[in-house]
>>> print(open('my_file01.txt').read())   # compact mmCIF, C-alpha atoms
# COMPACT_ATOMS: atom_id res chain seq x y z
CA MET A 1 12.28 -14.97 6.14
CA PRO A 2 12.86 -12.28 8.80
CA VAL A 3 10.91 -12.71 12.00
CA TYR A 4 8.70 -9.80 12.95
CA ARG A 5 8.53 -8.80 16.60
CA THR A 6 6.39 -5.93 17.85
CA LEU A 7 7.24 -3.66 20.75
CA GLY A 8 3.66 -3.40 21.94
CA SER A 9 1.30 -0.58 21.11
CA LEU A 10 2.57 2.68 19.68
CA ALA A 11 1.04 4.49 22.62
CA ALA A 12 3.42 2.71 24.95
CA VAL A 13 6.36 3.64 22.76
CA VAL A 14 5.21 7.27 22.75
CA THR A 15 4.97 7.37 26.54
CA LEU A 16 8.43 5.94 27.04
CA ALA A 17 10.08 8.13 24.42
CA VAL A 18 8.44 11.34 25.64
CA THR A 19 9.47 10.60 29.23
CA GLY A 20 13.05 9.96 28.15
CA ALA A 21 13.19 13.01 25.93
CA SER A 22 11.88 15.26 28.72
CA ALA A 23 14.53 13.98 31.09
CA THR A 24 17.26 15.00 28.65
CA ALA A 25 15.77 18.40 27.84
CA SER A 26 14.42 17.25 24.46
CA ALA A 27 16.58 15.63 21.78
CA SER A 28 0.42 7.94 3.43
CA SER A 29 -4.48 -1.35 -7.03
CA SER A 30 -6.13 0.04 -8.04
CA ALA A 31 -7.87 0.73 -11.13
CA SER A 32 -6.26 4.16 -11.25
CA ASP A 33 -2.59 3.14 -11.33
CA ALA A 34 -1.81 5.16 -14.45
CA PRO A 35 -4.49 7.83 -14.79
CA GLY A 36 -4.67 11.13 -16.54
CA ALA A 37 -4.69 12.10 -20.18
CA LYS A 38 -1.67 13.84 -21.66
CA PRO A 39 -2.31 17.61 -21.71
CA ALA A 40 -2.50 19.25 -25.14
CA GLY A 41 0.90 20.42 -26.32
CA ALA A 42 2.72 18.55 -23.57
CA ALA A 43 6.02 16.76 -24.04
CA ALA A 44 5.92 13.19 -25.30
CA LEU A 45 5.56 10.71 -22.47
CA ARG A 46 6.87 7.24 -21.72
CA GLU A 47 4.92 4.75 -19.64
CA VAL A 48 6.98 3.29 -16.80
CA MET A 49 6.66 1.61 -13.43
CA PHE A 50 7.74 3.25 -10.20
CA VAL A 51 9.04 0.85 -7.54
CA GLY A 52 9.17 2.29 -4.03
CA ASN A 53 12.18 1.01 -2.07
CA ASN A 54 10.86 1.70 1.41
CA TRP A 55 13.99 1.21 3.49
CA ASP A 56 16.29 2.86 0.91
CA GLY A 57 14.30 6.03 0.43
CA THR A 58 14.52 5.60 -3.33
CA ALA A 59 12.20 4.78 -6.21
CA ASP A 60 13.40 2.78 -9.18
CA VAL A 61 11.92 3.60 -12.57
CA VAL A 62 11.60 0.54 -14.80
CA LYS A 63 10.05 -0.34 -18.13
CA SER A 64 6.34 -0.99 -17.73
CA SER A 65 6.32 -4.23 -19.75
CA GLY A 66 8.62 -6.83 -21.24
CA ASP A 67 11.94 -7.22 -19.45
CA LEU A 68 11.13 -4.50 -16.86
CA ALA A 69 14.65 -3.13 -17.33
CA ARG A 70 15.61 -0.31 -15.00
CA ILE A 71 15.66 3.15 -16.57
CA GLY A 72 16.74 5.22 -13.57
CA ARG A 73 16.44 5.93 -9.87
CA ILE A 74 15.07 8.80 -7.77
CA ASN A 75 16.03 9.88 -4.28
CA VAL A 76 12.69 10.47 -2.54
CA ILE A 77 14.22 11.89 0.65
CA PRO A 78 16.42 14.77 -0.65
CA ASP A 79 15.39 16.73 2.46
CA LYS A 80 16.31 13.95 4.89
CA ASP A 81 18.66 16.04 7.06
CA GLN A 82 16.07 18.79 7.49
CA ARG A 83 13.31 16.33 8.38
CA LEU A 84 15.48 14.47 10.89
CA THR A 85 16.47 17.73 12.58
CA GLU A 86 12.79 18.61 13.03
CA ILE A 87 12.02 15.16 14.39
CA TYR A 88 14.86 15.03 16.89
CA LEU A 89 13.93 18.45 18.27
CA ASN A 90 10.34 17.35 18.92
CA PRO A 91 9.89 14.62 21.58
CA ILE A 92 6.45 13.54 20.30
CA LYS A 93 7.58 13.30 16.68
CA LEU A 94 10.70 11.45 17.78
CA ALA A 95 8.62 8.95 19.74
CA TYR A 96 6.47 8.13 16.71
CA PHE A 97 9.48 8.08 14.39
CA LEU A 98 11.15 5.46 16.60
CA GLY A 99 7.85 3.62 17.03
CA ILE A 100 7.45 3.33 13.25
CA ARG A 101 11.00 2.04 12.96
CA GLN A 102 10.49 -0.70 15.55
CA GLY A 103 6.88 -1.51 14.58
CA PRO A 104 5.74 -1.50 10.94
CA GLY A 105 9.30 -0.75 9.74
CA GLU A 106 10.65 -4.03 11.16
CA GLY A 107 13.67 -2.19 12.54
CA HIS A 108 14.00 0.19 9.57
CA ASP A 109 12.76 3.68 8.76
CA GLN A 110 9.90 3.81 6.25
CA PHE A 111 10.79 6.38 3.61
CA VAL A 112 8.43 5.53 0.76
CA ASP A 113 5.08 3.81 1.00
CA ASP A 114 3.27 4.87 -2.15
CA MET A 115 3.86 7.01 -5.25
CA TYR A 116 2.12 8.32 -8.37
CA SER A 117 3.34 10.46 -11.24
CA THR A 118 1.60 13.61 -12.42
CA PRO A 119 -0.30 13.46 -15.74
CA ASP A 120 2.43 15.43 -17.54
CA GLY A 121 5.21 13.15 -16.29
CA SER A 122 7.09 16.03 -14.68
CA ALA A 123 6.85 14.92 -11.06
CA VAL A 124 6.24 11.97 -8.78
CA VAL A 125 4.18 12.33 -5.59
CA VAL A 126 5.36 10.16 -2.68
CA SER A 127 3.97 9.33 0.76
CA ARG A 128 6.74 8.99 3.35
CA PRO A 129 5.53 7.22 6.54
CA SER A 130 8.47 8.01 8.82
CA PHE A 131 8.32 11.70 7.86
CA ALA A 132 4.51 11.83 8.14
CA ASP A 133 4.13 13.66 4.86
CA VAL A 134 3.47 13.65 1.13
CA VAL A 135 5.91 15.34 -1.24
CA SER A 136 6.10 16.13 -4.94
CA ILE A 137 9.52 15.54 -6.47
CA ASP A 138 10.56 17.18 -9.73
CA LEU A 139 11.66 14.33 -11.99
CA ALA A 140 14.11 16.51 -13.89
CA THR A 141 15.96 18.02 -10.93
CA GLY A 142 15.18 15.71 -8.02
CA HIS A 143 14.13 18.70 -5.92
CA LEU A 144 10.90 19.07 -3.94
CA ASN A 145 8.03 20.96 -5.58
CA TRP A 146 5.85 20.89 -2.46
CA ARG A 147 5.42 19.11 0.86
CA PHE A 148 2.20 18.37 2.75
CA PRO A 149 2.53 17.20 6.39
CA VAL A 150 -0.38 14.88 7.14
CA SER A 151 -2.36 15.08 10.36
CA GLY A 152 -0.92 12.83 13.03
CA TYR A 153 2.42 11.09 12.71
CA ARG A 154 2.38 8.65 9.79
CA SER A 155 1.35 8.69 6.11
CA ASP A 156 0.43 5.50 4.29
CA HIS A 157 -1.35 4.22 1.15
CA MET A 158 -2.45 6.67 -1.54
CA ALA A 159 -4.73 6.69 -4.58
CA VAL A 160 -4.90 9.03 -7.54
CA SER A 161 -8.09 10.06 -9.31
CA PRO A 162 -8.69 8.73 -12.84
CA ASP A 163 -8.00 12.19 -14.32
CA GLY A 164 -4.72 12.36 -12.42
CA THR A 165 -5.47 15.68 -10.71
CA ARG A 166 -6.16 14.57 -7.12
CA VAL A 167 -4.25 12.34 -4.77
CA ALA A 168 -5.69 10.80 -1.59
CA VAL A 169 -3.44 9.76 1.29
CA SER A 170 -4.18 7.88 4.50
CA ALA A 171 -2.96 9.52 7.71
CA SER A 172 -2.86 6.36 9.75
CA THR A 173 -2.49 7.72 13.29
CA SER A 174 -5.20 10.40 12.96
CA ASN A 175 -7.83 8.21 11.24
CA THR A 176 -8.06 10.68 8.38
CA VAL A 177 -7.77 10.69 4.60
CA HIS A 178 -6.49 13.90 2.99
CA VAL A 179 -7.26 14.66 -0.66
CA LEU A 180 -4.74 16.98 -2.33
CA ASP A 181 -4.33 18.83 -5.59
CA ILE A 182 -1.55 16.79 -7.21
CA ALA A 183 0.04 19.84 -8.86
CA THR A 184 0.17 22.16 -5.86
CA GLY A 185 -0.21 19.98 -2.76
CA ARG A 186 -3.14 22.12 -1.61
CA GLN A 187 -5.68 20.19 0.45
CA LEU A 188 -9.03 19.95 -1.32
CA GLY A 189 -10.75 18.17 1.54
CA SER A 190 -10.51 15.38 4.07
CA PHE A 191 -12.71 12.84 5.82
CA ALA A 192 -12.72 10.68 8.94
CA THR A 193 -12.24 6.91 8.73
CA GLY A 194 -12.08 3.92 11.03
CA ASP A 195 -8.92 3.10 12.95
CA LYS A 196 -5.70 3.07 10.91
CA PRO A 197 -6.86 3.95 7.37
CA HIS A 198 -5.00 1.87 4.82
CA GLU A 199 -5.84 1.41 1.13
CA ASN A 200 -7.72 4.02 -0.95
CA VAL A 201 -9.46 3.41 -4.30
CA PHE A 202 -11.35 5.81 -6.57
CA THR A 203 -14.39 4.27 -8.31
CA ASP A 204 -17.09 5.24 -10.81
CA GLY A 205 -14.77 7.41 -12.87
CA GLY A 206 -13.61 9.31 -9.78
CA LYS A 207 -17.04 9.97 -8.32
CA TYR A 208 -16.45 7.93 -5.17
CA LEU A 209 -13.47 7.21 -2.95
CA TRP A 210 -13.24 4.03 -0.86
CA ASN A 211 -11.03 3.77 2.21
CA MET A 212 -10.29 0.55 4.10
CA ALA A 213 -9.40 0.95 7.80
CA ILE A 214 -7.41 -2.05 9.08
CA GLY A 215 -7.21 -1.23 12.79
CA GLU A 216 -4.22 -1.86 15.03
CA VAL A 217 -1.72 -4.23 13.40
CA ASN A 218 1.35 -3.47 15.49
CA THR A 219 0.54 -5.26 18.73
CA ALA A 220 1.23 -8.85 19.70
CA LEU A 221 -2.45 -9.39 20.62
CA ASP A 222 -2.97 -11.53 17.53
CA ASP A 223 -4.87 -14.45 18.98
CA PRO A 224 -8.51 -14.44 17.77
CA ALA A 225 -9.66 -14.01 21.37
CA TRP A 226 -8.02 -10.57 21.37
CA ASP A 227 -9.55 -9.45 18.10
CA TRP A 228 -11.69 -6.86 19.92
CA THR A 229 -8.50 -4.95 20.81
CA LYS A 230 -7.75 -4.24 17.15
CA GLY A 231 -10.08 -1.25 16.92
CA ASP A 232 -12.82 0.01 14.61
CA ARG A 233 -12.31 -1.55 11.18
CA HIS A 234 -14.64 -0.65 8.36
CA ILE A 235 -14.79 0.61 4.78
CA THR A 236 -15.75 4.26 4.33
CA VAL A 237 -17.14 5.30 0.94
CA VAL A 238 -17.33 9.06 0.33
CA ASP A 239 -18.35 11.39 -2.44
CA ALA A 240 -14.93 12.25 -3.89
CA HIS A 241 -15.85 15.92 -4.41
CA THR A 242 -17.80 16.78 -1.26
CA PHE A 243 -15.97 14.23 0.96
CA LYS A 244 -19.27 13.38 2.62
CA PRO A 245 -19.79 9.69 3.50
CA VAL A 246 -22.28 7.84 1.31
CA LYS A 247 -21.83 4.36 2.81
CA VAL A 248 -20.04 2.56 5.64
CA ILE A 249 -19.40 -1.17 5.21
CA ASP A 250 -18.46 -3.25 8.25
CA MET A 251 -17.27 -6.59 6.93
CA ARG A 252 -17.77 -8.15 10.38
CA ASP A 253 -21.51 -8.46 9.77
CA ARG A 254 -20.98 -9.70 6.21
CA LEU A 255 -18.39 -12.27 7.26
CA ASP A 256 -20.63 -13.56 10.03
CA ALA A 257 -23.56 -13.89 7.63
CA PHE A 258 -21.30 -15.81 5.22
CA GLY A 259 -20.32 -18.23 7.98
CA ARG A 260 -16.77 -16.99 8.50
CA LYS A 261 -16.85 -15.66 12.04
CA ASP A 262 -13.29 -17.00 12.33
CA LEU A 263 -11.89 -14.41 9.92
CA SER A 264 -10.70 -10.91 10.76
CA ASP A 265 -12.69 -8.00 9.32
CA ALA A 266 -9.52 -5.96 8.70
CA VAL A 267 -9.70 -5.43 4.92
CA ARG A 268 -6.23 -5.31 3.36
CA PRO A 269 -5.42 -4.98 -0.40
CA VAL A 270 -8.46 -4.97 -2.67
CA VAL A 271 -9.30 -5.04 -6.37
CA PHE A 272 -12.54 -4.32 -8.20
CA THR A 273 -13.64 -6.15 -11.32
CA PRO A 274 -13.46 -3.98 -14.46
CA ASP A 275 -17.21 -3.26 -14.24
CA GLU A 276 -16.87 -2.55 -10.50
CA SER A 277 -19.64 -5.02 -9.66
CA LYS A 278 -17.48 -7.13 -7.37
CA LEU A 279 -14.74 -6.46 -4.85
CA TYR A 280 -12.04 -8.99 -4.02
CA PHE A 281 -10.22 -8.44 -0.76
CA GLN A 282 -7.69 -9.92 1.63
CA VAL A 283 -8.02 -9.78 5.43
CA SER A 284 -5.54 -10.02 8.28
CA PHE A 285 -4.15 -13.49 9.09
CA PHE A 286 -5.89 -15.24 6.16
CA ASN A 287 -4.13 -17.21 3.43
CA GLY A 288 -6.71 -16.41 0.80
CA PHE A 289 -9.29 -13.82 -0.24
CA LEU A 290 -13.03 -13.14 -0.41
CA GLU A 291 -15.50 -11.95 -3.04
CA TYR A 292 -18.01 -9.21 -2.19
CA ASP A 293 -20.96 -8.38 -4.43
CA ILE A 294 -21.52 -4.61 -4.44
CA ALA A 295 -25.18 -4.58 -5.47
CA SER A 296 -26.39 -7.20 -2.99
CA ASP A 297 -24.00 -6.00 -0.26
CA ARG A 298 -22.90 -9.48 0.68
CA ILE A 299 -19.90 -11.78 0.54
CA THR A 300 -20.53 -14.39 -2.13
CA ARG A 301 -17.40 -16.59 -2.25
CA SER A 302 -14.13 -17.22 -0.45
CA LYS A 303 -10.90 -18.87 -1.50
CA THR A 304 -8.42 -20.47 0.87
CA LEU A 305 -4.99 -20.83 -0.68
CA PRO A 306 -2.26 -23.32 0.28
CA LYS A 307 -0.08 -22.75 3.31
CA ASN A 308 3.69 -22.99 3.13
CA PRO A 309 4.69 -25.75 5.58
CA ALA A 310 7.78 -23.70 6.45
CA THR A 311 5.73 -20.72 7.60
CA SER A 312 5.37 -20.42 11.36
CA GLU A 313 1.84 -20.63 12.70
CA ASP A 314 2.75 -18.04 15.34
CA ARG A 315 0.70 -15.04 14.20
CA THR A 316 2.97 -12.60 16.02
CA THR A 317 5.71 -13.41 13.49
CA TRP A 318 3.59 -12.29 10.53
CA VAL A 319 4.40 -8.80 9.25
CA ASN A 320 1.78 -6.26 10.36
CA ASP A 321 -0.86 -8.99 10.82
CA SER A 322 -0.60 -9.97 7.18
CA ARG A 323 -0.54 -13.48 5.89
CA HIS A 324 -1.28 -12.61 2.26
CA HIS A 325 -0.82 -8.98 1.20
CA GLY A 326 -1.06 -8.08 -2.49
CA LEU A 327 -3.81 -8.50 -5.05
CA SER A 328 -4.26 -7.54 -8.70
CA ILE A 329 -6.66 -8.46 -11.51
CA SER A 330 -6.05 -8.93 -15.22
CA PRO A 331 -7.53 -6.21 -17.49
CA ASP A 332 -10.23 -8.59 -18.76
CA GLY A 333 -11.19 -9.53 -15.20
CA ALA A 334 -10.60 -13.23 -15.82
CA ARG A 335 -7.69 -13.81 -13.43
CA LEU A 336 -6.54 -12.65 -10.03
CA CYS A 337 -2.93 -12.49 -8.93
CA VAL A 338 -2.33 -13.13 -5.24
CA ALA A 339 0.82 -12.36 -3.25
CA GLY A 340 1.23 -14.96 -0.51
CA THR A 341 3.40 -12.69 1.62
CA MET A 342 4.20 -14.87 4.63
CA ASP A 343 3.95 -18.08 2.59
CA ASP A 344 6.62 -16.94 0.11
CA TYR A 345 4.77 -17.49 -3.15
CA VAL A 346 2.58 -15.81 -5.75
CA THR A 347 -0.17 -17.49 -7.73
CA VAL A 348 -2.64 -16.64 -10.47
CA VAL A 349 -6.24 -17.66 -9.74
CA ASP A 350 -8.97 -18.25 -12.32
CA ARG A 351 -11.80 -15.93 -11.23
CA ALA A 352 -14.61 -18.12 -12.55
CA THR A 353 -13.53 -21.33 -10.79
CA LEU A 354 -11.25 -19.87 -8.08
CA GLN A 355 -8.71 -22.55 -8.99
CA GLU A 356 -5.16 -21.43 -8.33
CA GLY A 357 -2.33 -22.00 -10.77
CA PRO A 358 1.30 -22.85 -10.00
CA LEU A 359 2.67 -21.57 -6.70
CA VAL A 360 5.61 -19.50 -7.89
CA PRO A 361 8.26 -19.12 -5.16
CA ALA A 362 8.80 -15.49 -4.11
CA SER A 363 10.54 -13.88 -1.14
CA LYS A 364 8.02 -12.04 1.05
CA PRO A 365 5.98 -10.65 -1.89
CA TYR A 366 4.43 -7.42 -0.64
CA TRP A 367 2.36 -6.04 -3.52
CA ALA A 368 0.86 -7.05 -6.86
CA THR A 369 -0.01 -4.84 -9.82
CA VAL A 370 -0.45 -5.20 -13.59
CA SER A 371 2.15 -4.53 -16.29
CA GLY A 372 1.58 -1.78 -18.80
CA ASP A 373 0.64 -4.22 -21.57
CA GLY A 374 -1.76 -6.06 -19.24
CA LYS A 375 -0.12 -9.42 -19.83
CA SER A 376 1.62 -9.86 -16.51
CA CYS A 377 1.17 -9.51 -12.79
CA VAL A 378 4.14 -7.67 -11.30
CA ILE A 379 4.99 -8.32 -7.66
CA SER A 380 7.50 -6.73 -5.31
CA GLU A 381 9.68 -9.32 -3.58
CA SER A 382 10.56 -7.33 -0.49
CA GLY A 383 12.67 -10.13 0.96
CA ALA A 384 14.90 -10.35 -2.12
CA ASP A 385 15.01 -6.70 -3.30
CA ARG A 386 13.57 -7.40 -6.73
CA ILE A 387 10.38 -7.24 -8.75
CA THR A 388 9.06 -10.23 -10.65
CA ALA A 389 6.58 -10.64 -13.49
CA ILE A 390 4.13 -13.57 -13.61
CA ASP A 391 2.34 -14.28 -16.89
CA PHE A 392 -1.43 -14.08 -16.37
CA ALA A 393 -2.07 -16.69 -19.07
CA THR A 394 0.33 -19.38 -17.83
CA GLY A 395 0.84 -18.46 -14.18
CA GLN A 396 4.58 -18.81 -14.71
CA LYS A 397 7.39 -16.40 -13.85
CA THR A 398 8.83 -14.58 -16.86
CA VAL A 399 11.44 -12.16 -15.46
CA SER A 400 12.93 -10.75 -12.26
CA VAL A 401 14.78 -7.43 -11.93
CA ALA A 402 16.91 -6.21 -9.02
CA VAL A 403 15.77 -3.00 -7.33
CA GLY A 404 16.51 -1.21 -4.03
CA ASP A 405 16.13 -2.18 -0.40
CA HIS A 406 12.71 -3.58 0.53
CA PRO A 407 10.49 -2.77 -2.47
CA GLN A 408 6.84 -2.42 -1.58
CA ARG A 409 4.38 -0.46 -3.71
CA VAL A 410 4.69 -0.71 -7.51
CA ARG A 411 2.68 1.76 -9.61
CA LEU A 412 2.31 2.49 -13.31
CA GLY A 413 3.08 6.06 -14.26
CA HIS A 414 4.77 8.30 -16.80
CA VAL A 415 8.00 10.20 -17.36
CA THR A 416 8.99 12.35 -20.31
CA ALA A 417 10.16 10.32 -23.28
CA ASP A 418 13.81 11.35 -22.88
CA TRP A 419 13.91 11.10 -19.08
CA THR A 420 17.03 10.02 -17.19
CA SER A 421 17.74 10.04 -13.47
CA PRO A 422 18.13 13.51 -11.90
CA ALA A 423 21.78 14.57 -11.99
CA ALA A 424 22.07 14.43 -8.21
CA HIS A 425 21.27 10.72 -8.22
CA ARG A 426 23.06 9.42 -11.31
CA ALA A 427 26.16 8.47 -9.36
CA THR A 428 24.20 5.85 -7.40
CA ASN A 429 22.47 4.36 -10.43
>>> encode(input="my_file01.txt", output="structure tokens")
Amino acid sequence: MPVYRTLGSLAAVVTLAVTGASATASASSSASDAPGAKPAGAAALREVMFVGNNWDGTADVVKSSGDLARIGRINVIPDKDQRLTEIYLNPIKLAYFLGIRQGPGEGHDQFVDDMYSTPDGSAVVVSRPSFADVVSIDLATGHLNWRFPVSGYRSDHMAVSPDGTRVAVSASTSNTVHVLDIATGRQLGSFATGDKPHENVFTDGGKYLWNMAIGEVNTALDDPAWDWTKGDRHITVVDAHTFKPVKVIDMRDRLDAFGRKDLSDAVRPVVFTPDESKLYFQVSFFNGFLEYDIASDRITRSKTLPKNPATSEDRTTWVNDSRHHGLSISPDGARLCVAGTMDDYVTVVDRATLQEGPLVPASKPYWATVSGDGKSCVISESGADRITAIDFATGQKTVSVAVGDHPQRVRLGHVTADWTSPAAHRATN
């Protein structure tokens, strides 16, 4: 497993890079993974999975169920030269670009964090952290339809509304979530969050939008005594049409009341039960997850999962303050699938008893979602450049498929029934 070393806070990187540049005269699991009804008269569609290869700048398109065989590949940075020219001519942008590479990118540029297809299967919308933007890519030609630069200097997790018409993206350095028209890229609204907005989830049929702010995860101040340096971490729930806040949830108070003052309140991946009565969530540095009851506004259960004896106990070696990062739930709500990122395994947990199943070895699993047929949990093994399916019923691995460099987010989506890779990218397939 690669060892993660931070370079201190991004602010320090910015200061150093700007000073140097001046001296040389200047050198963005949800329940809405596959939303949207097929428009009347539209072309026939095929359900697929998009796998974002963050360090490659590509997205693999694979079958959504069964053997997960690869169908094609998309270049999500066709404008790379243009973006890099802009960055290298702007000292501030360059400082953040290099800071992202050395911080959350683990020495690599982050070219694709999240992606969703449009309801008609004609385009895929991608957040690109290192380029601080969201783009729509035409799936037939591989060309950009539109580009939206986010506020600040890094885009992160996204969510798409159940009807497939709106996409929300976290702008992690400006503490903002932008909500865009998925067809045009026009901003419909935005709202303020806590520090470093992370995951977004639409609930109640698209009426509400939840954002989880995780605070600063790129410093080496990981000892619990330094937790206060990690910033303002809370969940912001807004009306998804007016973008006005309807509730703010600080898990610090809830964790304390539950008797877990030792745990971080930085909420990482989350899943709701099918009826949206309960929220399951992971937090920084914890090998496990917690259960939060929405109606009573309190944490009701926690589950600590096994540690891998080979995993270092030095928190500064854990990627972006994660220990476990990746959570999905079976369509019937009976089982959870947990990615034990730094412990190199994935396991299926019975939701009623919280008993885990077999610990299936996996190389730095970074995300967990659900296959199109609902039978399997699909994880991205970022340390082995593959995706792997785990059967919800047995907890056993069924198939692994090779993908690009450092797969992270995996999302269900659609392409046209006869889709193949854009011509410009077929040579690399």
>>> atom_distance(input="my_file01.txt", atom1="CA of Phe50 in chain A", atom2="CA of Val112 in chain A")
11.2 Å
>>> residues_near_point(input="my_file01.txt", point="(-17.0, 3.4, -0.9)", cutoff="7 Å", atoms="all atoms listed in the file", output="list in words")
Tyr208, Leu209, Trp210, Asn211, Ile235, Thr236, Val237, Val238 and Lys247 of chain A
>>> write_last_selection(input="my_file01.txt", atoms="C-alpha atoms", output="tab-separated table (two decimals), in the frame of the given file")
chain	number	residue	atom	x	y	z
A	208	TYR	CA	-16.45	7.93	-5.17
A	209	LEU	CA	-13.47	7.21	-2.95
A	210	TRP	CA	-13.24	4.03	-0.86
A	211	ASN	CA	-11.03	3.77	2.21
A	235	ILE	CA	-14.79	0.61	4.78
A	236	THR	CA	-15.75	4.26	4.33
A	237	VAL	CA	-17.14	5.30	0.94
A	238	VAL	CA	-17.33	9.06	0.33
A	247	LYS	CA	-21.83	4.36	2.81
>>> residues_around(input="my_file01.txt", residues="Gly374 in chain A", least_positions_apart="3", cutoff="10 Å", atoms="all atoms listed in the file", output="JSON, numbers by chain")
{"A": [64, 65, 329, 330, 331, 332, 369, 370, 371, 377, 391, 392]}
>>> residues_around(input="my_file01.txt", residues="Ala295 in chain A", least_positions_apart="5", cutoff="10 Å", atoms="all atoms listed in the file", output="NGL selection string")
:A and (276-278)
>>> atom_distance(input="my_file01.txt", atom1="CA of Lys80 in chain A", atom2="CA of Tyr366 in chain A")
25.1 Å
>>> atom_distance(input="my_file01.txt", atom1="CA of Asn145 in chain A", atom2="CA of Val201 in chain A")
24.8 Å
>>> residues_around(input="my_file01.txt", residues="Ile182 in chain A", least_positions_apart="3", cutoff="6 Å", atoms="all atoms listed in the file", output="VMD selection string")
chain A and resid 165 to 167 185
>>> closest_atom_pairs(input="my_file01.txt", of="range 285-332 of chain A", to="range 401-421 of chain A", cutoff="12 Å", atoms="all atoms listed in the file", output="CSV")
residue,atom,partner,partner_atom,distance
A:His325,CA,A:Gln408,CA,10.5
A:Gly326,CA,A:Arg409,CA,9.4
A:Leu327,CA,A:Arg409,CA,11.6
A:Ser328,CA,A:Val410,CA,11.3
>>> closest_residue(input="my_file01.txt", among="A:Met49, A:Leu279, A:Val135, A:Leu98", to="Gly333 in chain A", atoms="only C-alpha atoms")
A:Leu279
>>> closest_residue(input="my_file01.txt", among="A:Gly66, A:Pro197, A:Gly383, A:Pro274", to="Met212 in chain A", atoms="all atoms listed in the file")
A:Pro197
>>> axis_aligned_box(input="my_file01.txt", around="range 381-396 of chain A", padding_each_side="5 Å", output="JSON")
{"center_x": 6.5, "center_y": -13.0, "center_z": -9.1, "size_x": 27.1, "size_y": 22.7, "size_z": 30.0}
>>> closest_residue(input="my_file01.txt", among="A:Phe202, A:Gln282, A:Thr398, A:Ser302", to="Arg351 in chain A", atoms="only C-alpha atoms")
A:Ser302
>>> closest_residue(input="my_file01.txt", among="A:Thr85, A:Asn320, A:Thr347, A:Thr118", to="Ser161 in chain A", atoms="only C-alpha atoms")
A:Thr118
>>> residues_near_point(input="my_file01.txt", point="(-3.9, -16.8, -7.7)", cutoff="10 Å", atoms="all atoms listed in the file", output="list in words")
Gly288, Phe289, Lys303, Leu305, Leu327, Ser328, Ile329, Arg335, Leu336, Cys337, Val338, Ala339, Gly340, Tyr345, Val346, Thr347, Val348, Val349, Asp350, Arg351, Leu354, Gln355, Glu356, Gly357, Pro358, Leu359, Val360, Phe392 and Gly395 of chain A
>>> write_last_selection(input="my_file01.txt", atoms="C-alpha atoms", output="PDB file, keeping the file's coordinate frame")
ATOM      1  CA  GLY A 288      -6.710 -16.410   0.800  1.00  0.00           C
ATOM      2  CA  PHE A 289      -9.290 -13.820  -0.240  1.00  0.00           C
ATOM      3  CA  LYS A 303     -10.900 -18.870  -1.500  1.00  0.00           C
ATOM      4  CA  LEU A 305      -4.990 -20.830  -0.680  1.00  0.00           C
ATOM      5  CA  LEU A 327      -3.810  -8.500  -5.050  1.00  0.00           C
ATOM      6  CA  SER A 328      -4.260  -7.540  -8.700  1.00  0.00           C
ATOM      7  CA  ILE A 329      -6.660  -8.460 -11.510  1.00  0.00           C
ATOM      8  CA  ARG A 335      -7.690 -13.810 -13.430  1.00  0.00           C
ATOM      9  CA  LEU A 336      -6.540 -12.650 -10.030  1.00  0.00           C
ATOM     10  CA  CYS A 337      -2.930 -12.490  -8.930  1.00  0.00           C
ATOM     11  CA  VAL A 338      -2.330 -13.130  -5.240  1.00  0.00           C
ATOM     12  CA  ALA A 339       0.820 -12.360  -3.250  1.00  0.00           C
ATOM     13  CA  GLY A 340       1.230 -14.960  -0.510  1.00  0.00           C
ATOM     14  CA  TYR A 345       4.770 -17.490  -3.150  1.00  0.00           C
ATOM     15  CA  VAL A 346       2.580 -15.810  -5.750  1.00  0.00           C
ATOM     16  CA  THR A 347      -0.170 -17.490  -7.730  1.00  0.00           C
ATOM     17  CA  VAL A 348      -2.640 -16.640 -10.470  1.00  0.00           C
ATOM     18  CA  VAL A 349      -6.240 -17.660  -9.740  1.00  0.00           C
ATOM     19  CA  ASP A 350      -8.970 -18.250 -12.320  1.00  0.00           C
ATOM     20  CA  ARG A 351     -11.800 -15.930 -11.230  1.00  0.00           C
ATOM     21  CA  LEU A 354     -11.250 -19.870  -8.080  1.00  0.00           C
ATOM     22  CA  GLN A 355      -8.710 -22.550  -8.990  1.00  0.00           C
ATOM     23  CA  GLU A 356      -5.160 -21.430  -8.330  1.00  0.00           C
ATOM     24  CA  GLY A 357      -2.330 -22.000 -10.770  1.00  0.00           C
ATOM     25  CA  PRO A 358       1.300 -22.850 -10.000  1.00  0.00           C
ATOM     26  CA  LEU A 359       2.670 -21.570  -6.700  1.00  0.00           C
ATOM     27  CA  VAL A 360       5.610 -19.500  -7.890  1.00  0.00           C
ATOM     28  CA  PHE A 392      -1.430 -14.080 -16.370  1.00  0.00           C
ATOM     29  CA  GLY A 395       0.840 -18.460 -14.180  1.00  0.00           C
TER      30      GLY A 395
END
